[in-house]
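Asker: Sharing a structure, written as structure tokens. Questions coming.
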Amino acid sequence: MKAIVFDTFGGTEVLHEAEIATPEPGPGQVRVRVKAVGVNPVDGKIRSGALEAVFPTPLPATPGGEVAGVVDAVGEGVDQLKEGDEVLGWPDTGAYAEYALASA
């Protein structure tokens, strides 16, 4: 899948498109086909490395802490959501991608 990633800390110039593995939902998670993401000031601070002491960020990383989309796959133990449900929330993986994982 396509995603926006960064391999080093810095400004917006470190962001680039990359092909990464499509995530599979684990127990208690859903996979969301991303329709919209929030662009939050904290994303820029994480990307710059300024919050590394608070939010350690293994590189490469996909930014994005707010996501809206459609449930595409459901992990084991998830019974309150199903494929096709529209959702909005905070992903477990970066949202600047075609798909993101989120805890149900």
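Letters A, B, ... go to the chains of the structure tokens in the order shown; residues in each chain start at 1; ligands are counted from 1 in the same order.
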Find the residues of segment 44-98 of chain A that sit at most 6 Å from segment 25-28 of chain A; for each, write down the nearest two atoms and how far apart they are in Å, to one decimal. Count only C-alpha atoms. Sort by chain, then by number going up, and give it as a tab-separated table.

Answerer:
```
residue	atom	partner	partner_atom	distance
A:Gly75	CA	A:Pro25	CA	4.9
A:Glu76	CA	A:Pro27	CA	4.5
A:Gly77	CA	A:Gly28	CA	5.6
A:Val78	CA	A:Gly28	CA	5.4
```

Asker: Generate the output file for the selected residues, all heavy atoms, as a PDB file, in the first residue's frame.

Answerer:
```pdb
ATOM      1  N   GLY A  75     -10.433  -7.921  13.204  1.00  0.00           N
ATOM      2  CA  GLY A  75      -9.617  -8.894  13.915  1.00  0.00           C
ATOM      3  C   GLY A  75     -10.446  -9.755  14.848  1.00  0.00           C
ATOM      4  O   GLY A  75     -11.625  -9.478  15.125  1.00  0.00           O
ATOM      5  N   GLU A  76      -9.804 -10.776  15.357  1.00  0.00           N
ATOM      6  CA  GLU A  76     -10.439 -11.721  16.279  1.00  0.00           C
ATOM      7  C   GLU A  76     -10.977 -10.996  17.513  1.00  0.00           C
ATOM      8  O   GLU A  76     -10.339 -10.091  18.043  1.00  0.00           O
ATOM      9  CB  GLU A  76      -9.400 -12.755  16.707  1.00  0.00           C
ATOM     10  CG  GLU A  76      -9.924 -13.815  17.641  1.00  0.00           C
ATOM     11  CD  GLU A  76      -8.827 -14.782  18.065  1.00  0.00           C
ATOM     12  OE1 GLU A  76      -7.845 -14.929  17.332  1.00  0.00           O
ATOM     13  OE2 GLU A  76      -8.978 -15.363  19.145  1.00  0.00           O
ATOM     14  N   GLY A  77     -12.174 -11.376  17.921  1.00  0.00           N
ATOM     15  CA  GLY A  77     -12.766 -10.826  19.128  1.00  0.00           C
ATOM     16  C   GLY A  77     -13.505  -9.516  18.942  1.00  0.00           C
ATOM     17  O   GLY A  77     -14.052  -8.982  19.901  1.00  0.00           O
ATOM     18  N   VAL A  78     -13.540  -8.997  17.731  1.00  0.00           N
ATOM     19  CA  VAL A  78     -14.258  -7.746  17.479  1.00  0.00           C
ATOM     20  C   VAL A  78     -15.667  -8.089  17.029  1.00  0.00           C
ATOM     21  O   VAL A  78     -15.853  -8.714  15.992  1.00  0.00           O
ATOM     22  CB  VAL A  78     -13.549  -6.885  16.405  1.00  0.00           C
ATOM     23  CG1 VAL A  78     -14.372  -5.640  16.098  1.00  0.00           C
ATOM     24  CG2 VAL A  78     -12.158  -6.514  16.854  1.00  0.00           C
TER      25      VAL A  78
END
```

Asker: Would you kindly return, as a list in words, each protein, DNA or RNA residue with an atom no farther than 6 Å from any atom of segment 56-62 of chain A, considering only C-alpha atoms and excluding same-chain residues fewer than 3 positions away?

Answerer: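 Contacts, in chain order: Ile4, Val5, Phe6, Asp7, Glu52 and Gly94 of chain A.
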
Asker: Would you mind exporting C-alpha atoms of the selected residues as a compact mmCIF listing (two decimals), in the first residue's frame?

Answerer:
```txt
# COMPACT_ATOMS: atom_id res chain seq x y z
CA ILE A 4 3.57 8.89 3.62
CA VAL A 5 6.63 8.10 5.75
CA PHE A 6 9.72 9.71 7.19
CA ASP A 7 13.08 7.98 7.64
CA GLU A 52 11.21 11.85 21.13
CA GLY A 94 -0.03 6.03 11.26
```

Asker: Which is closer to Gln80 of chain A than all the others in A:Val30, A:Ala3, A:Val37, A:Val14, using only C-alpha atoms?

Answerer: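 Closest residue, counting only C-alpha atoms: A:Val30.
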
Asker: Any idea what the distance is between atom CA of Ala97 of chain A and atom CA of Phe9 of chain A?

Answerer: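 Atom CA of Ala97 of chain A sits 18.7 Å away from atom CA of Phe9 of chain A.
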